[in-house]
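See below for coords04.cif, which holds mmCIF, C-alpha atoms.
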```
data_final
loop_
_atom_site.label_atom_id
_atom_site.label_comp_id
_atom_site.auth_asym_id
_atom_site.auth_seq_id
_atom_site.Cartn_x
_atom_site.Cartn_y
_atom_site.Cartn_z
CA MET A 1 22.74 26.40 -152.70
CA ALA A 2 26.48 26.84 -153.08
CA GLU A 3 28.42 27.93 -150.03
CA ILE A 4 31.33 30.35 -150.10
CA SER A 5 33.77 28.89 -147.62
CA ALA A 6 37.44 29.34 -146.87
CA THR A 7 37.61 25.86 -145.40
CA SER A 8 35.81 23.72 -147.99
CA GLY A 9 38.98 22.77 -149.85
CA LEU A 10 37.18 23.35 -153.15
CA ILE A 11 38.78 24.96 -156.19
CA THR A 12 37.00 28.22 -157.08
CA PHE A 13 36.89 29.75 -160.55
CA ILE A 14 35.19 33.11 -161.04
CA ASN A 15 34.64 33.88 -164.71
CA VAL A 16 33.48 37.36 -165.69
CA PHE A 17 32.05 37.71 -169.21
CA SER A 18 31.61 41.27 -170.54
CA CYS A 19 28.81 41.78 -173.03
CA ASP A 20 26.42 44.26 -174.56
CA PRO A 21 23.10 44.31 -172.73
CA GLU A 22 21.27 42.97 -175.79
CA ASN A 23 23.46 39.85 -175.68
CA GLN A 24 23.35 39.15 -171.95
CA GLN A 25 20.47 36.68 -172.03
CA ALA A 26 21.80 34.82 -175.09
CA LEU A 27 25.20 34.54 -173.41
CA LEU A 28 23.62 33.16 -170.25
CA ASP A 29 21.58 30.66 -172.29
CA ARG A 30 24.74 29.43 -174.06
CA LEU A 31 26.66 29.05 -170.81
CA ARG A 32 23.75 27.19 -169.24
CA ALA A 33 23.55 24.84 -172.22
CA GLU A 34 27.28 24.10 -172.01
CA THR A 35 26.92 23.41 -168.29
CA GLU A 36 23.96 21.10 -168.77
CA GLU A 37 25.40 19.22 -171.75
CA VAL A 38 29.12 19.04 -170.98
CA VAL A 39 30.75 20.80 -168.03
CA GLY A 40 28.31 19.73 -165.32
CA LYS A 41 28.79 16.07 -166.26
CA LEU A 42 32.54 16.12 -165.75
CA ASP A 43 34.20 14.37 -162.87
CA GLY A 44 35.19 16.93 -160.24
CA PHE A 45 32.36 19.39 -160.96
CA VAL A 46 30.68 20.71 -157.79
CA SER A 47 28.67 23.79 -158.76
CA ALA A 48 28.14 26.57 -161.28
CA ASN A 49 26.37 29.74 -160.16
CA PHE A 50 25.46 32.16 -162.93
CA HIS A 51 24.92 35.82 -162.10
CA LEU A 52 23.53 38.60 -164.32
CA SER A 53 24.59 42.18 -163.66
CA THR A 54 21.62 44.48 -163.34
CA ASP A 55 23.15 46.85 -165.93
CA GLY A 56 23.21 44.06 -168.53
CA ARG A 57 26.97 44.25 -169.11
CA ARG A 58 28.26 41.21 -167.22
CA VAL A 59 27.53 37.51 -166.88
CA LEU A 60 29.51 35.97 -164.02
CA ASN A 61 29.97 32.32 -163.12
CA TYR A 62 31.05 31.41 -159.58
CA ALA A 63 32.18 27.81 -160.14
CA GLN A 64 33.46 25.18 -157.73
CA TRP A 65 35.40 21.99 -158.40
CA THR A 66 37.02 19.25 -156.38
CA HIS A 67 39.61 18.64 -159.11
CA LEU A 68 40.21 19.85 -162.63
CA ASP A 69 41.70 16.88 -164.48
CA ALA A 70 38.59 16.09 -166.49
CA PHE A 71 37.82 19.76 -167.15
CA ASN A 72 41.35 20.52 -168.33
CA ALA A 73 41.39 17.47 -170.60
CA MET A 74 38.07 18.51 -172.15
CA MET A 75 39.17 22.13 -172.62
CA ALA A 76 42.41 21.06 -174.32
CA GLY A 77 40.48 19.19 -177.01
CA GLU A 78 38.18 20.01 -179.88
CA GLN A 79 35.11 20.21 -177.63
CA GLY A 80 36.73 22.86 -175.44
CA ARG A 81 37.74 24.91 -178.46
CA ALA A 82 34.20 24.77 -179.83
CA MET A 83 32.78 25.88 -176.47
CA ILE A 84 35.11 28.86 -176.30
CA MET A 85 34.23 29.88 -179.86
CA ALA A 86 30.51 29.60 -179.12
CA VAL A 87 30.76 31.84 -176.05
CA HIS A 88 32.86 34.43 -177.87
CA GLU A 89 29.97 35.09 -180.23
CA PHE A 90 28.23 37.02 -177.42
CA THR A 91 31.05 38.35 -175.28
CA GLN A 92 33.60 41.15 -175.64
CA SER A 93 36.11 39.89 -173.10
CA ILE A 94 36.42 37.13 -170.53
CA ASP A 95 38.28 37.45 -167.23
CA ILE A 96 38.94 33.99 -165.79
CA HIS A 97 40.89 33.44 -162.59
CA MET A 98 41.28 30.74 -159.97
CA TYR A 99 40.69 32.08 -156.45
CA ASP A 100 41.17 31.22 -152.81
CA VAL A 101 38.65 32.46 -150.25
CA ALA A 102 40.88 34.63 -148.06
CA ALA A 103 38.61 36.31 -145.51
CA GLN A 104 34.91 36.37 -144.72
CA TYR A 105 32.79 38.73 -142.64
CA GLU A 106 29.15 38.45 -141.80
CA ALA A 107 26.65 40.41 -139.79
CA GLN A 108 25.55 38.46 -136.75
CA GLN A 109 21.95 38.96 -137.81
CA PRO A 110 21.15 40.08 -141.35
CA SER A 111 19.65 43.55 -141.34
CA ALA A 112 20.56 44.17 -137.70
CA GLN A 113 22.91 47.00 -136.88
CA LEU A 114 25.70 44.84 -135.53
CA ASP A 115 29.42 44.81 -136.05
CA ALA A 116 30.74 42.51 -138.73
CA GLN A 117 32.39 39.41 -137.37
CA PRO A 118 35.41 37.94 -139.12
CA VAL A 119 34.64 34.25 -139.57
CA THR A 120 38.03 33.43 -141.05
CA SER A 121 41.41 35.07 -140.94
CA MET B 1 29.61 30.86 -144.48
CA ALA B 2 27.82 32.91 -147.11
CA GLU B 3 25.34 31.15 -149.35
CA ILE B 4 24.89 31.87 -153.04
CA SER B 5 21.16 31.69 -153.54
CA ALA B 6 18.73 32.84 -156.19
CA THR B 7 15.93 32.95 -153.64
CA SER B 8 17.49 34.78 -150.70
CA GLY B 9 16.27 38.21 -151.81
CA LEU B 10 19.66 39.69 -150.94
CA ILE B 11 21.40 42.34 -153.00
CA THR B 12 24.69 41.03 -154.40
CA PHE B 13 27.68 43.17 -155.33
CA ILE B 14 30.72 41.54 -156.90
CA ASN B 15 33.70 43.88 -156.94
CA VAL B 16 36.80 42.86 -158.90
CA PHE B 17 40.00 44.79 -158.10
CA SER B 18 42.91 44.39 -160.55
CA CYS B 19 46.38 44.74 -159.07
CA ASP B 20 50.02 43.87 -159.46
CA PRO B 21 50.91 40.70 -157.57
CA GLU B 22 53.20 42.61 -155.21
CA ASN B 23 50.21 44.73 -154.10
CA GLN B 24 47.62 41.97 -153.70
CA GLN B 25 48.13 41.39 -149.98
CA ALA B 26 48.24 45.13 -149.16
CA LEU B 27 45.04 45.65 -151.13
CA LEU B 28 43.33 42.81 -149.26
CA ASP B 29 44.50 44.23 -145.93
CA ARG B 30 43.08 47.65 -146.78
CA LEU B 31 39.72 46.22 -147.87
CA ARG B 32 39.55 44.12 -144.71
CA ALA B 33 40.29 47.17 -142.54
CA GLU B 34 37.54 49.17 -144.30
CA THR B 35 35.13 46.29 -143.75
CA GLU B 36 36.01 45.93 -140.07
CA GLU B 37 36.00 49.66 -139.31
CA VAL B 38 33.20 51.02 -141.50
CA VAL B 39 31.33 48.94 -144.05
CA GLY B 40 30.57 45.92 -141.89
CA LYS B 41 28.98 48.13 -139.24
CA LEU B 42 26.45 49.66 -141.62
CA ASP B 43 22.77 48.84 -141.44
CA GLY B 44 21.89 46.40 -144.24
CA PHE B 45 25.29 44.68 -144.38
CA VAL B 46 25.04 40.88 -144.59
CA SER B 47 28.42 39.55 -145.70
CA ALA B 48 31.72 40.32 -147.41
CA ASN B 49 33.72 37.46 -148.89
CA PHE B 50 37.22 38.33 -150.05
CA HIS B 51 38.92 36.16 -152.65
CA LEU B 52 42.55 36.24 -153.86
CA SER B 53 43.35 35.05 -157.36
CA THR B 54 46.11 32.50 -157.37
CA ASP B 55 48.02 34.51 -160.01
CA GLY B 56 48.13 37.53 -157.70
CA ARG B 57 46.35 39.85 -160.11
CA ARG B 58 42.85 40.08 -158.63
CA VAL B 59 41.16 40.68 -155.30
CA LEU B 60 37.43 39.99 -155.48
CA ASN B 61 34.72 40.76 -152.94
CA TYR B 62 31.44 38.83 -153.12
CA ALA B 63 29.25 41.08 -150.94
CA GLN B 64 25.64 40.74 -149.80
CA TRP B 65 23.25 43.36 -148.45
CA THR B 66 19.63 43.54 -147.42
CA HIS B 67 19.43 47.22 -148.37
CA LEU B 68 21.87 49.90 -149.46
CA ASP B 69 20.58 53.12 -147.93
CA ALA B 70 23.27 53.37 -145.26
CA PHE B 71 26.02 52.24 -147.65
CA ASN B 72 25.03 54.74 -150.34
CA ALA B 73 24.83 57.58 -147.82
CA MET B 74 28.30 56.74 -146.50
CA MET B 75 29.81 56.44 -150.00
CA ALA B 76 28.36 59.82 -151.03
CA GLY B 77 30.19 61.58 -148.21
CA GLU B 78 33.76 62.35 -147.26
CA GLN B 79 34.32 58.94 -145.66
CA GLY B 80 33.38 57.15 -148.87
CA ARG B 81 35.67 59.34 -150.93
CA ALA B 82 38.56 58.65 -148.56
CA MET B 83 37.92 54.90 -148.76
CA ILE B 84 37.96 54.96 -152.56
CA MET B 85 41.19 56.95 -152.61
CA ALA B 86 42.82 54.55 -150.15
CA VAL B 87 41.93 51.51 -152.26
CA HIS B 88 43.12 53.13 -155.47
CA GLU B 89 46.64 53.27 -154.08
CA PHE B 90 46.95 49.51 -154.70
CA THR B 91 44.63 48.81 -157.63
CA GLN B 92 44.78 49.47 -161.36
CA SER B 93 41.07 49.19 -162.07
CA ILE B 94 37.89 48.26 -160.25
CA ASP B 95 34.92 46.50 -161.84
CA ILE B 96 31.86 46.90 -159.60
CA HIS B 97 28.44 45.57 -160.56
CA MET B 98 25.22 44.63 -158.84
CA TYR B 99 24.11 41.10 -159.75
CA ASP B 100 21.13 38.79 -159.59
CA VAL B 101 21.71 35.05 -159.17
CA ALA B 102 20.14 33.74 -162.38
CA ALA B 103 20.79 29.99 -162.46
CA GLN B 104 22.56 27.45 -160.30
CA TYR B 105 23.77 23.92 -160.97
CA GLU B 106 25.28 21.47 -158.56
CA ALA B 107 26.54 17.94 -158.69
CA GLN B 108 24.34 15.64 -156.66
CA GLN B 109 27.39 14.46 -154.78
CA PRO B 110 30.60 16.47 -154.92
CA SER B 111 33.29 14.52 -156.71
CA ALA B 112 30.82 11.91 -158.00
CA GLN B 113 30.41 11.48 -161.73
CA LEU B 114 26.78 12.57 -161.87
CA ASP B 115 24.85 14.91 -164.09
CA ALA B 116 24.51 18.50 -162.89
CA GLN B 117 21.07 19.32 -161.61
CA PRO B 118 19.59 22.74 -162.17
CA VAL B 119 18.44 23.97 -158.77
CA THR B 120 16.92 27.15 -160.09
CA SER B 121 15.67 28.28 -163.46
#
```
Spell out the structure here as structure tokens.
Amino acid sequence: MAEISATSGLITFINVFSCDPENQQALLDRLRAETEEVVGKLDGFVSANFHLSTDGRRVLNYAQWTHLDAFNAMMAGEQGRAMIMAVHEFTQSIDIHMYDVAAQYEAQQPSAQLDAQPVTS
Amino acid sequence: MAEISATSGLITFINVFSCDPENQQALLDRLRAETEEVVGKLDGFVSANFHLSTDGRRVLNYAQWTHLDAFNAMMAGEQGRAMIMAVHEFTQSIDIHMYDVAAQYEAQQPSAQLDAQPVTS
């Protein structure tokens, strides 16, 4: 299970793919295949966590890396271009950003009526 | 630290706020205040995890709940309307969706050159 942590030192990419509901599963399948065949084998890869919106209109990948050298080199080449083209078949737009975890809050006990505790600031 | 897990049974909301870089910190501060004063005290709240994009143009909240009854009741009232108005002062658009964790991959050892292992299917 991936952990969301402000102190892990990992690089976080959150990639939001917009799609029509009839293409959501095909888009997920393509992204999974790319992860299994290429991206997940790259040096620096830590985790990919694919989410499906319940309305069918988004596929989101919460991805973590220790470093991006191998990923950037792959994406700059023919293989990266082919991957992007393949994903665009099923998506309307892609919103990709690198993020830092800035602040986290958690209930002291899930489901209990307790104040949220900041665990980072 | 929040865990991303396909088997937790939690409800996941991922809220992406678009902003101008000069408003990113003010937007984060407002969302943190709302979490500390209102949202994090609601029954069903599990975690809020605020991320800042390194380009300054996004604030993203990866939020987890056990149930949404208290949240929905609050949002339907005057307090919810005031919260939305307050956030809109600093954001251009908000993309809010409920998600299921559909598939996860992780390297067997972070930073090692190993194949990604699917941990869920």
> What lies within 7 Å of stretch 46-62 of chain B using only C-alpha atoms, ignoring chain neighbours under 6 positions off, as an NGL selection string?
Replying inline: (:A and (97-107 or 110-111)) or (:B and (2 or 13-21 or 24 or 28))
>> Under the PyMOL selection byres ((chain B and resi 31) around 10), which residues of this model are included? Write them out as a list in words.
In response: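 That expression, the PyMOL selection byres ((chain B and resi 31) around 10), corresponds here to Gln25, Ala26, Leu27, Leu28, Asp29, Arg30, Arg32, Ala33, Glu34, Thr35, Glu36, Glu37, Val39, Ala48, Phe50, Val59, Asn61, Met83, Ala86 and Val87 of chain B.
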> Could you work out how far atom CA of A:Ile11 lies from atom CA of A:Ile84, giving the answer in Å with one decimal?
Replying inline: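 Computed distance, atom CA of A:Ile84 to atom CA of A:Ile11, equals 20.8 Å.
Counting all atoms listed in the file, the residue from A:Thr12, A:Asn72, A:Thr66, A:Gln92 that sits nearest to chain B is A:Thr66.
Between atom CA of B:Leu68 and atom CA of B:Arg81 the separation is 16.8 Å.
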> Using all atoms listed in the file, which of the listed residues (B:Asp43, B:Met85, B:Ile96, B:Phe90) sits closest to B:Phe71?
Replying inline: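 Comparing B:Asp43, B:Met85, B:Ile96, B:Phe90 against B:Phe71, the winner is B:Asp43.
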> Of the candidates A:Gln108, A:Ala76, A:Ala82, A:Lys41, which shows the shortest atom-to-atom distance to chain B, using all atoms listed in the file?
Replying inline: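 Closest to chain B of all the choices is A:Lys41.
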